[in-house]
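Peer 1: File query31.cif below, mmCIF, C-alpha atoms:
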```cif
data_upload
#
loop_
_atom_site.group_PDB
_atom_site.id
_atom_site.type_symbol
_atom_site.label_atom_id
_atom_site.label_comp_id
_atom_site.auth_asym_id
_atom_site.auth_seq_id
_atom_site.Cartn_x
_atom_site.Cartn_y
_atom_site.Cartn_z
ATOM 1 C CA MET A 1 43.696 -206.065 23.217
ATOM 2 C CA LEU A 2 42.214 -206.959 26.543
ATOM 3 C CA ILE A 3 41.963 -205.144 29.838
ATOM 4 C CA LYS A 4 39.845 -207.195 32.103
ATOM 5 C CA GLN A 5 40.577 -208.632 35.476
ATOM 6 C CA ASN A 6 37.383 -210.432 36.380
ATOM 7 C CA ASN A 7 36.747 -213.758 34.754
ATOM 8 C CA LYS A 8 39.824 -213.224 32.560
ATOM 9 C CA LYS A 9 39.943 -216.607 30.836
ATOM 10 C CA GLY A 10 36.307 -216.486 29.720
ATOM 11 C CA GLY A 11 36.793 -212.930 28.464
ATOM 12 C CA GLU A 12 39.808 -213.896 26.358
ATOM 13 C CA LYS A 13 37.852 -216.738 24.779
ATOM 14 C CA VAL A 14 35.065 -214.339 23.765
ATOM 15 C CA ILE A 15 37.635 -211.878 22.402
ATOM 16 C CA SER A 16 39.385 -214.610 20.393
ATOM 17 C CA VAL A 17 36.062 -215.606 18.777
ATOM 18 C CA TYR A 18 35.505 -211.979 17.731
ATOM 19 C CA TRP A 19 39.102 -211.791 16.554
ATOM 20 C CA PHE A 20 38.619 -214.828 14.315
ATOM 21 C CA ILE A 21 35.422 -213.319 12.928
ATOM 22 C CA ILE A 22 37.344 -210.126 12.085
ATOM 23 C CA LEU A 23 40.135 -212.150 10.447
ATOM 24 C CA PHE A 24 37.615 -214.036 8.321
ATOM 25 C CA LEU A 25 35.829 -210.832 7.361
ATOM 26 C CA VAL A 26 39.094 -209.129 6.321
ATOM 27 C CA ALA A 27 40.246 -212.215 4.363
ATOM 28 C CA GLY A 28 36.822 -212.540 2.722
ATOM 29 C CA ALA A 29 36.802 -208.874 1.704
ATOM 30 C CA ILE A 30 40.288 -209.105 0.185
ATOM 31 C CA VAL A 31 39.482 -212.320 -1.697
ATOM 32 C CA TYR A 32 36.231 -210.775 -2.985
ATOM 33 C CA MET A 33 37.937 -207.550 -4.109
ATOM 34 C CA VAL A 34 40.835 -209.336 -5.821
ATOM 35 C CA GLY A 35 38.429 -211.793 -7.458
ATOM 36 C CA SER A 36 36.105 -209.089 -8.737
ATOM 37 C CA PHE A 37 39.014 -206.992 -10.062
ATOM 38 C CA TYR A 38 40.987 -209.761 -11.776
ATOM 39 C CA GLY A 39 37.950 -211.868 -12.661
ATOM 40 C CA LYS A 40 36.710 -209.261 -15.141
ATOM 41 C CA PRO A 41 38.374 -208.975 -18.547
ATOM 42 C CA TYR A 42 40.441 -205.863 -19.266
ATOM 43 C CA ASP A 43 38.147 -203.498 -21.103
ATOM 44 C CA VAL A 44 40.010 -202.021 -24.078
ATOM 45 C CA ARG A 45 36.969 -201.289 -26.258
ATOM 46 C CA GLN A 46 37.305 -197.529 -25.891
ATOM 47 C CA ILE A 47 40.915 -197.606 -27.161
ATOM 48 C CA GLU A 48 39.939 -199.967 -29.990
ATOM 49 C CA ALA A 49 37.028 -197.736 -31.060
ATOM 50 C CA ASP A 50 39.354 -194.734 -31.009
ATOM 51 C CA LEU A 51 41.981 -196.540 -33.117
ATOM 52 C CA LEU A 52 39.326 -197.721 -35.551
ATOM 53 C CA ALA A 53 37.969 -194.176 -35.990
ATOM 54 C CA SER A 54 41.531 -192.806 -36.410
ATOM 55 C CA LYS A 55 42.323 -195.380 -39.072
ATOM 56 C CA ALA A 56 39.128 -194.554 -40.964
ATOM 57 C CA SER A 57 39.784 -190.799 -40.737
ATOM 58 C CA LYS A 58 43.353 -191.256 -42.058
ATOM 59 C CA CYS A 59 41.806 -193.087 -44.973
ATOM 60 C CA VAL A 60 39.401 -190.211 -45.744
ATOM 61 C CA SER A 61 41.890 -187.410 -45.389
ATOM 62 C CA TYR A 62 45.622 -187.197 -45.719
ATOM 63 C CA ALA A 63 47.585 -184.039 -44.780
ATOM 64 C CA GLY A 64 44.366 -182.063 -44.595
ATOM 65 C CA TYR A 65 43.156 -182.951 -48.095
ATOM 66 C CA LEU A 66 40.479 -185.379 -49.143
ATOM 67 C CA ASN A 67 41.809 -188.709 -50.342
ATOM 68 C CA GLU A 68 40.086 -188.659 -53.724
ATOM 69 C CA GLU A 69 40.356 -192.424 -54.113
ATOM 70 C CA ILE A 70 37.422 -192.733 -51.716
ATOM 71 C CA LEU A 71 35.125 -191.212 -54.342
ATOM 72 C CA GLU A 72 35.805 -194.111 -56.707
ATOM 73 C CA PRO A 73 33.252 -196.946 -56.764
ATOM 74 C CA GLN A 74 35.888 -199.619 -56.005
ATOM 75 C CA PHE A 75 36.561 -197.936 -52.681
ATOM 76 C CA LEU A 76 33.044 -198.561 -51.410
ATOM 77 C CA GLU A 77 32.980 -202.078 -52.843
ATOM 78 C CA ASN A 78 36.113 -203.011 -50.907
ATOM 79 C CA PHE A 79 35.409 -201.001 -47.747
ATOM 80 C CA PRO A 80 36.757 -201.456 -45.021
ATOM 81 C CA GLU A 81 39.662 -203.419 -46.642
ATOM 82 C CA SER A 82 40.315 -200.365 -48.850
ATOM 83 C CA CYS A 83 41.206 -198.509 -45.626
ATOM 84 C CA ALA A 84 43.521 -201.379 -44.471
ATOM 85 C CA ILE A 85 40.871 -202.511 -41.986
ATOM 86 C CA THR A 86 39.515 -206.031 -41.773
ATOM 87 C CA PHE A 87 36.872 -207.585 -39.546
ATOM 88 C CA LYS A 88 37.340 -211.063 -41.022
ATOM 89 C CA GLY A 89 36.914 -213.556 -38.188
ATOM 90 C CA ALA A 90 35.343 -211.062 -35.766
ATOM 91 C CA GLU A 91 32.546 -209.444 -37.798
ATOM 92 C CA GLU A 92 30.085 -209.693 -34.913
ATOM 93 C CA ARG A 93 32.227 -207.495 -32.632
ATOM 94 C CA TYR A 94 32.855 -204.475 -34.853
ATOM 95 C CA SER A 95 30.918 -201.956 -36.860
ATOM 96 C CA LEU A 96 32.192 -199.009 -38.877
ATOM 97 C CA LYS A 97 29.982 -196.401 -40.524
ATOM 98 C CA LEU A 98 31.342 -193.697 -42.804
ATOM 99 C CA ASN A 99 29.421 -190.822 -44.412
ATOM 100 C CA LEU A 100 30.800 -188.136 -46.685
ATOM 101 C CA THR A 101 28.811 -184.987 -47.471
ATOM 102 C CA ASN A 102 29.695 -182.242 -49.933
ATOM 103 C CA LEU A 103 29.061 -179.058 -47.963
ATOM 104 C CA SER A 104 28.779 -176.800 -51.034
ATOM 105 C CA SER A 105 25.956 -178.783 -52.652
ATOM 106 C CA GLY A 106 24.658 -180.474 -49.490
ATOM 107 C CA GLU A 107 24.789 -183.750 -51.397
ATOM 108 C CA ARG A 108 25.647 -186.920 -49.507
ATOM 109 C CA LEU A 109 28.387 -188.500 -51.616
ATOM 110 C CA PHE A 110 28.265 -191.853 -49.909
ATOM 111 C CA GLU A 111 27.162 -193.669 -46.814
ATOM 112 C CA THR A 112 28.601 -197.041 -46.006
ATOM 113 C CA GLU A 113 28.431 -199.334 -43.032
ATOM 114 C CA LYS A 114 30.345 -202.577 -42.502
ATOM 115 C CA GLY A 115 30.614 -205.183 -39.752
ATOM 116 C CA ASN A 116 27.754 -205.988 -37.397
ATOM 117 C CA ILE A 117 25.117 -203.362 -38.232
ATOM 118 C CA ASN A 118 22.965 -204.369 -35.235
ATOM 119 C CA LEU A 119 25.518 -203.005 -32.768
ATOM 120 C CA LYS A 120 24.453 -199.398 -33.426
ATOM 121 C CA PHE A 121 21.074 -199.980 -31.767
ATOM 122 C CA SER A 122 22.871 -200.243 -28.412
ATOM 123 C CA CYS A 123 24.530 -196.839 -28.776
ATOM 124 C CA GLY A 124 23.258 -194.368 -26.205
ATOM 125 C CA LEU A 125 22.185 -197.097 -23.807
ATOM 126 C CA LYS A 126 24.007 -197.581 -20.543
ATOM 127 C CA GLY A 127 25.425 -200.917 -19.445
ATOM 128 C CA GLU A 128 28.761 -202.588 -18.847
ATOM 129 C CA ASN A 129 28.250 -205.291 -21.450
ATOM 130 C CA LEU A 130 26.900 -203.065 -24.191
ATOM 131 C CA PRO A 131 29.078 -202.124 -27.183
ATOM 132 C CA PHE A 132 31.186 -198.982 -27.014
ATOM 133 C CA CYS A 133 30.257 -196.360 -29.618
ATOM 134 C CA LEU A 134 32.423 -193.482 -30.765
ATOM 135 C CA GLU A 135 31.252 -190.760 -33.151
ATOM 136 C CA ARG A 136 33.619 -188.433 -34.942
ATOM 137 C CA SER A 137 33.038 -185.696 -37.492
ATOM 138 C CA PHE A 138 35.544 -183.546 -39.290
ATOM 139 C CA TYR A 139 35.820 -181.186 -42.236
ATOM 140 C CA VAL A 140 38.117 -181.704 -45.162
ATOM 141 C CA ILE A 141 38.811 -179.924 -48.445
ATOM 142 C CA ASP A 142 39.897 -181.264 -51.813
ATOM 143 C CA LYS A 143 42.543 -179.782 -54.116
ATOM 144 C CA ASN A 144 39.876 -177.448 -55.633
ATOM 145 C CA ASN A 145 38.912 -176.146 -52.183
ATOM 146 C CA ASN A 146 35.536 -177.907 -52.164
ATOM 147 C CA GLN A 147 34.467 -178.574 -48.590
ATOM 148 C CA TYR A 148 33.313 -181.922 -47.292
ATOM 149 C CA ARG A 149 32.179 -183.270 -43.971
ATOM 150 C CA ALA A 150 33.049 -186.818 -42.913
ATOM 151 C CA ASP A 151 31.089 -188.589 -40.169
ATOM 152 C CA ILE A 152 32.505 -191.744 -38.646
ATOM 153 C CA LEU A 153 30.780 -194.059 -36.215
ATOM 154 C CA SER A 154 32.973 -196.843 -34.830
ATOM 155 C CA ILE A 155 31.511 -199.455 -32.529
ATOM 156 C CA VAL A 156 33.301 -202.220 -30.642
ATOM 157 C CA GLY A 157 31.392 -204.928 -28.789
ATOM 158 C CA ARG A 158 32.473 -207.162 -25.932
ATOM 159 C CA ALA A 159 34.981 -209.915 -26.753
ATOM 160 C CA MET B 1 48.099 -204.007 26.539
ATOM 161 C CA LYS B 2 47.754 -206.315 29.488
ATOM 162 C CA MET B 3 47.638 -205.486 33.174
ATOM 163 C CA LEU B 4 49.979 -207.830 34.919
ATOM 164 C CA ARG B 5 49.742 -208.651 38.592
ATOM 165 C CA LYS B 6 51.248 -212.069 38.561
ATOM 166 C CA GLY B 7 54.512 -213.652 39.488
ATOM 167 C CA LYS B 8 57.312 -214.692 37.124
ATOM 168 C CA ARG B 9 55.521 -217.804 35.892
ATOM 169 C CA GLY B 10 52.422 -215.832 34.880
ATOM 170 C CA ASP B 11 54.591 -213.205 33.137
ATOM 171 C CA THR B 12 56.231 -215.892 30.988
ATOM 172 C CA ASP B 13 52.862 -217.399 30.068
ATOM 173 C CA ILE B 14 51.465 -214.041 28.988
ATOM 174 C CA LEU B 15 54.641 -213.246 27.056
ATOM 175 C CA ILE B 16 54.460 -216.565 25.163
ATOM 176 C CA GLN B 17 50.749 -216.016 24.450
ATOM 177 C CA ASN B 18 51.439 -212.555 23.073
ATOM 178 C CA VAL B 19 54.365 -213.751 20.960
ATOM 179 C CA ILE B 20 52.240 -216.556 19.482
ATOM 180 C CA PHE B 21 49.407 -214.110 18.845
ATOM 181 C CA ILE B 22 51.695 -211.642 17.053
ATOM 182 C CA VAL B 23 53.409 -214.392 15.026
ATOM 183 C CA LEU B 24 50.038 -215.783 13.934
ATOM 184 C CA ASN B 25 48.861 -212.308 12.908
ATOM 185 C CA ILE B 26 52.013 -211.703 10.886
ATOM 186 C CA ALA B 27 51.621 -215.122 9.233
ATOM 187 C CA TYR B 28 48.001 -214.258 8.425
ATOM 188 C CA GLY B 29 49.110 -210.983 6.838
ATOM 189 C CA PHE B 30 51.744 -212.760 4.765
ATOM 190 C CA ILE B 31 49.233 -215.349 3.551
ATOM 191 C CA LEU B 32 46.920 -212.552 2.395
ATOM 192 C CA LEU B 33 49.769 -210.707 0.651
ATOM 193 C CA PHE B 34 50.918 -213.960 -0.975
ATOM 194 C CA PHE B 35 47.372 -214.512 -2.265
ATOM 195 C CA VAL B 36 47.204 -210.981 -3.735
ATOM 196 C CA PHE B 37 50.649 -211.252 -5.386
ATOM 197 C CA THR B 38 49.966 -214.697 -6.857
ATOM 198 C CA LYS B 39 46.695 -213.363 -8.296
ATOM 199 C CA THR B 40 48.371 -210.322 -9.880
ATOM 200 C CA GLY B 41 51.161 -212.416 -11.433
ATOM 201 C CA ASP B 42 48.782 -215.177 -12.464
ATOM 202 C CA ALA B 43 49.478 -216.691 -15.906
ATOM 203 C CA ALA B 44 45.877 -216.185 -17.085
ATOM 204 C CA VAL B 45 45.926 -212.491 -16.106
ATOM 205 C CA LEU B 46 49.261 -211.924 -17.891
ATOM 206 C CA GLU B 47 48.080 -213.822 -20.979
ATOM 207 C CA GLU B 48 45.045 -211.560 -21.297
ATOM 208 C CA LYS B 49 47.025 -208.393 -20.572
ATOM 209 C CA TYR B 50 49.700 -209.112 -23.190
ATOM 210 C CA ALA B 51 47.305 -210.450 -25.843
ATOM 211 C CA LYS B 52 45.283 -207.221 -25.682
ATOM 212 C CA GLN B 53 48.345 -204.989 -25.439
ATOM 213 C CA ILE B 54 49.950 -206.588 -28.505
ATOM 214 C CA ALA B 55 46.686 -206.439 -30.488
ATOM 215 C CA LEU B 56 46.344 -202.714 -29.700
ATOM 216 C CA LEU B 57 49.991 -202.098 -30.631
ATOM 217 C CA ILE B 58 49.432 -203.783 -33.981
ATOM 218 C CA ASP B 59 46.181 -201.839 -34.532
ATOM 219 C CA SER B 60 48.046 -198.563 -34.089
ATOM 220 C CA ALA B 61 51.087 -199.606 -36.153
ATOM 221 C CA GLU B 62 51.976 -198.710 -39.721
ATOM 222 C CA PRO B 63 53.818 -200.932 -42.240
ATOM 223 C CA GLY B 64 57.585 -200.640 -41.871
ATOM 224 C CA MET B 65 57.503 -200.394 -38.086
ATOM 225 C CA SER B 66 59.281 -202.672 -35.641
ATOM 226 C CA ILE B 67 57.899 -202.661 -32.090
ATOM 227 C CA HIS B 68 59.801 -203.938 -29.050
ATOM 228 C CA LEU B 69 57.823 -205.014 -25.998
ATOM 229 C CA ASN B 70 59.328 -205.910 -22.633
ATOM 230 C CA MET B 71 57.656 -209.132 -21.468
ATOM 231 C CA GLU B 72 60.039 -210.112 -18.678
ATOM 232 C CA ASP B 73 57.311 -211.066 -16.179
ATOM 233 C CA ALA B 74 55.464 -213.181 -18.754
ATOM 234 C CA ILE B 75 58.704 -214.898 -19.871
ATOM 235 C CA ASP B 76 59.516 -215.763 -16.224
ATOM 236 C CA VAL B 77 56.073 -217.323 -15.760
ATOM 237 C CA ALA B 78 56.371 -219.295 -19.036
ATOM 238 C CA GLU B 79 59.821 -220.631 -18.044
ATOM 239 C CA LYS B 80 58.429 -221.797 -14.685
ATOM 240 C CA LYS B 81 55.613 -223.604 -16.505
ATOM 241 C CA ASN B 82 57.995 -225.165 -19.086
ATOM 242 C CA ILE B 83 56.593 -223.302 -22.077
ATOM 243 C CA PRO B 84 59.272 -222.581 -24.740
ATOM 244 C CA VAL B 85 59.933 -218.831 -24.626
ATOM 245 C CA ASN B 86 59.921 -218.471 -28.407
ATOM 246 C CA GLU B 87 56.371 -219.876 -28.517
ATOM 247 C CA ILE B 88 54.756 -217.476 -26.070
ATOM 248 C CA VAL B 89 53.307 -215.125 -28.697
ATOM 249 C CA LYS B 90 51.803 -216.373 -31.939
ATOM 250 C CA ILE B 91 50.110 -214.328 -34.630
ATOM 251 C CA THR B 92 47.869 -216.177 -37.049
ATOM 252 C CA GLU B 93 45.712 -214.287 -39.556
ATOM 253 C CA ASN B 94 44.429 -211.351 -37.476
ATOM 254 C CA THR B 95 44.617 -212.968 -34.063
ATOM 255 C CA VAL B 96 47.278 -212.671 -31.380
ATOM 256 C CA THR B 97 47.587 -215.631 -29.020
ATOM 257 C CA VAL B 98 49.633 -215.459 -25.822
ATOM 258 C CA LYS B 99 50.280 -218.749 -24.040
ATOM 259 C CA LEU B 100 52.090 -218.902 -20.686
ATOM 260 C CA GLU B 101 50.868 -222.261 -19.399
ATOM 261 C CA ASN B 102 49.467 -225.479 -20.793
ATOM 262 C CA GLY B 103 46.113 -224.773 -22.376
ATOM 263 C CA GLN B 104 44.825 -222.630 -25.192
ATOM 264 C CA GLY B 105 46.243 -219.315 -24.005
ATOM 265 C CA HIS B 106 44.438 -216.028 -24.569
ATOM 266 C CA SER B 107 43.605 -214.797 -28.071
ATOM 267 C CA TYR B 108 42.624 -211.317 -29.196
ATOM 268 C CA PHE B 109 41.669 -209.968 -32.610
ATOM 269 C CA PHE B 110 43.263 -206.977 -34.344
ATOM 270 C CA PHE B 111 41.545 -205.160 -37.208
ATOM 271 C CA ASN B 112 44.578 -203.555 -38.841
ATOM 272 C CA ASN B 113 44.897 -205.337 -42.199
ATOM 273 C CA ILE B 114 48.679 -205.731 -42.198
ATOM 274 C CA GLU B 115 51.201 -208.554 -41.882
ATOM 275 C CA ALA B 116 52.637 -208.863 -38.377
ATOM 276 C CA THR B 117 55.243 -211.323 -37.126
ATOM 277 C CA ALA B 118 56.199 -211.952 -33.500
ATOM 278 C CA ASN B 119 59.846 -212.711 -32.676
ATOM 279 C CA PHE B 120 61.578 -213.483 -29.400
ATOM 280 C CA ASP B 121 64.579 -211.202 -28.828
ATOM 281 C CA THR B 122 67.430 -213.667 -28.247
ATOM 282 C CA LEU B 123 69.833 -210.866 -27.261
ATOM 283 C CA THR B 124 67.986 -209.369 -24.306
ATOM 284 C CA LYS B 125 65.987 -212.564 -23.600
ATOM 285 C CA LYS B 126 63.242 -210.486 -22.006
ATOM 286 C CA GLU B 127 61.617 -208.848 -25.013
ATOM 287 C CA TYR B 128 59.491 -209.706 -27.994
ATOM 288 C CA TYR B 129 59.607 -207.619 -31.144
ATOM 289 C CA PHE B 130 56.934 -207.307 -33.772
ATOM 290 C CA VAL B 131 57.694 -206.564 -37.400
ATOM 291 C CA ILE B 132 54.884 -204.879 -39.305
ATOM 292 C CA SER B 133 54.702 -205.064 -43.075
ATOM 293 C CA GLU B 134 52.093 -204.663 -45.796
ATOM 294 C CA LYS B 135 49.873 -207.621 -46.619
#
```
Take the structure from the file and write it as structure tokens.

Peer 2:
Amino acid sequence: MLIKQNNKKGGEKVISVYWFIILFLVAGAIVYMVGSFYGKPYDVRQIEADLLASKASKCVSYAGYLNEEILEPQFLENFPESCAITFKGAEERYSLKLNLTNLSSGERLFETEKGNINLKFSCGLKGENLPFCLERSFYVIDKNNNQYRADILSIVGRA
Amino acid sequence: MKMLRKGKRGDTDILIQNVIFIVLNIAYGFILLFFVFTKTGDAAVLEEKYAKQIALLIDSAEPGMSIHLNMEDAIDVAEKKNIPVNEIVKITENTVTVKLENGQGHSYFFFNNIEATANFDTLTKKEYYFVISEK
């Protein structure tokens, strides 16, 4: 720590001042790092968006075939409850968009969007507090081998 | 570390100084470690962690499932803070609330439209299990 023979006492005092400064700096850095790590909420939006998209895709297709119930008008009226999804009590945090296109005719069979529709305007922007957006597309056939394409956009905002 | 050219008295003084210095440094290190460990096991941190974990478990569950979750650390904290262990997790409507100390606890929403109940496992006394059924 100290190798000094001249004016030893004064030298030790100077060293101890520096030592205290180092101790304070180390303690300050640790407190800052712990505070910044544990002060932020756990961000689970990506997992939530993934689960939301998975739940919607299970609703559209089951065992590789189109769930034909989704073509009935009641399905759209009750969406997303018809897919066992509810945003009741947290509508402002979630958004789910579902499109289904018949690939043979090119006709869009339906397009529905529920939850907070304003969240989609933040998709593509970068920022920690912006909603997380997840897009998924997949192909599905019905029992008559007609081909369809489903597009899902699930968005989860900050809690 | 030190160059000694003193008699016995001086040697003892330097030895005591060094011992005090080392002891103080060790104490300082322990205080910092204690701070880090208390922060990681903090009730508020655990409340948030478990509320979100349970909400995600429920979101990924299907009716008919029963999910067991080890919450030993949270149960220990709740016992220390005199919170009844069977009241740590509550599920009302589509919100999970975890409470480990006096206050509101931490709540998190789940979107899966199913019926979920939270039960304290009285056999292991360190787990909660969640029964998922259709609404």

Peer 1: Give me, as a list of chain:residue names, the contact residues of chain B against chain A at a cut-off of 9 Å, counting all atoms listed in the file.

Peer 2: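 In the required form, that comes to B:Met1, B:Lys2, B:Met3, B:Tyr28, B:Leu32, B:Phe35, B:Val36, B:Lys39, B:Thr40, B:Val45, B:Glu48, B:Lys49, B:Lys52, B:Gln53, B:Leu56, B:Asp59, B:Ser60, B:Glu93, B:Asn94, B:Thr95, B:Tyr108, B:Phe109, B:Phe110, B:Phe111, B:Asn112, B:Asn113, B:Ile114.
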
Peer 1: For Asn99 (chain A), please output as number ranges by chain all residues within 10 Å (counting only C-alpha atoms; exclusion window: fewer than 3 positions along the same chain).

Peer 2: A: 108-113, 137, 149-153

Peer 1: Expanded to explicit residues, what is the PyMOL selection byres ((chain B and resi 134) around 6) for this file, as a PyMOL selection string?

Peer 2: chain B and resi 63+114-115+133+135

Peer 1: Taking the file as I've supplied it (selection: the PyMOL selection byres ((chain A and resi 148) around 7)), which residues are included? Please answer as a VMD selection string.

Peer 2: chain A and resid 100 to 103 139 to 141 146 to 147 149 to 150

Peer 1: Considering all atoms listed in the file, return as a list of chain:residue names whatever protein or nucleic-acid residues lie within 10 Å of Ile75 (chain B), sequence-local ones (same chain, fewer than 4 positions apart) excluded.

Peer 2: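 Final neighbour list, sorted by chain and number: B:Asn70, B:Met71, B:Glu79, B:Lys80, B:Lys81, B:Ile83, B:Pro84, B:Val85, B:Asn86, B:Ile88, B:Leu100, B:Lys125, B:Lys126, B:Glu127, B:Tyr128.
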
Peer 1: If you apply the PyMOL selection byres ((chain A and resi 133) around 12) to this file, what residues do you get, as number ranges by chain?

Peer 2: A: 45-50, 52-53, 93-97, 119-126, 130-132, 134-136, 152-158

Peer 1: Could you save those same residues with C-alpha atoms as a compact mmCIF listing (two decimals), in the frame of the given file?

Peer 2:
```
# COMPACT_ATOMS: atom_id res chain seq x y z
CA ARG A 45 36.97 -201.29 -26.26
CA GLN A 46 37.30 -197.53 -25.89
CA ILE A 47 40.92 -197.61 -27.16
CA GLU A 48 39.94 -199.97 -29.99
CA ALA A 49 37.03 -197.74 -31.06
CA ASP A 50 39.35 -194.73 -31.01
CA LEU A 52 39.33 -197.72 -35.55
CA ALA A 53 37.97 -194.18 -35.99
CA ARG A 93 32.23 -207.50 -32.63
CA TYR A 94 32.85 -204.48 -34.85
CA SER A 95 30.92 -201.96 -36.86
CA LEU A 96 32.19 -199.01 -38.88
CA LYS A 97 29.98 -196.40 -40.52
CA LEU A 119 25.52 -203.00 -32.77
CA LYS A 120 24.45 -199.40 -33.43
CA PHE A 121 21.07 -199.98 -31.77
CA SER A 122 22.87 -200.24 -28.41
CA CYS A 123 24.53 -196.84 -28.78
CA GLY A 124 23.26 -194.37 -26.20
CA LEU A 125 22.18 -197.10 -23.81
CA LYS A 126 24.01 -197.58 -20.54
CA LEU A 130 26.90 -203.06 -24.19
CA PRO A 131 29.08 -202.12 -27.18
CA PHE A 132 31.19 -198.98 -27.01
CA LEU A 134 32.42 -193.48 -30.76
CA GLU A 135 31.25 -190.76 -33.15
CA ARG A 136 33.62 -188.43 -34.94
CA ILE A 152 32.51 -191.74 -38.65
CA LEU A 153 30.78 -194.06 -36.22
CA SER A 154 32.97 -196.84 -34.83
CA ILE A 155 31.51 -199.46 -32.53
CA VAL A 156 33.30 -202.22 -30.64
CA GLY A 157 31.39 -204.93 -28.79
CA ARG A 158 32.47 -207.16 -25.93
```

Peer 1: With distances taken over all atoms listed in the file, which of A:Val17, A:Leu66, A:Ala29, A:Ile117 is nearest to Glu92 (chain A)?

Peer 2: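 Smallest separation from Glu92 (chain A) among the options: A:Ile117.
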
Peer 1: Let me make sure I understand: among B:Asn25, B:Thr122, B:Asn82, B:Asn102, which one has the smallest atom-to-atom distance to Ile22 (chain A) if we use all atoms listed in the file?

Peer 2: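 That would be B:Asn25, the residue with the smallest distance to Ile22 (chain A).
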
Peer 1: Record the distance separating CA of Ser66 (chain B) and CA of Gln104 (chain B), expressed in Å with one decimal.

Peer 2: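 We find that CA of Ser66 (chain B) and CA of Gln104 (chain B) lie 26.8 Å from each other.
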
Peer 1: To one decimal in Å, tell me the separation between CA of Tyr18 (chain A) and CA of Val19 (chain B).

Peer 2: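 CA of Tyr18 (chain A) sits 19.2 Å away from CA of Val19 (chain B).
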
Peer 1: Take CA of Ile67 (chain B) and CA of Phe130 (chain B) and report the distance between them in Å, one decimal.

Peer 2: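 Atom-to-atom, CA of Ile67 (chain B) to CA of Phe130 (chain B), that is 5.0 Å.
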
Peer 1: Let me make sure I understand: among B:Gly10, B:Gly29, B:Gly41, B:Gly64, which one has the smallest atom-to-atom distance to Thr117 (chain B) if we use all atoms listed in the file?

Peer 2: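 Residue with the minimum atom-to-atom distance to Thr117 (chain B): B:Gly64.
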
Peer 1: Pick the closest to Ala56 (chain A) from A:Asn116, A:Glu107, A:Ile70, A:Tyr32: which is it, counting all atoms listed in the file?

Peer 2: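 The shortest atom-to-atom distance to Ala56 (chain A) comes from A:Ile70.
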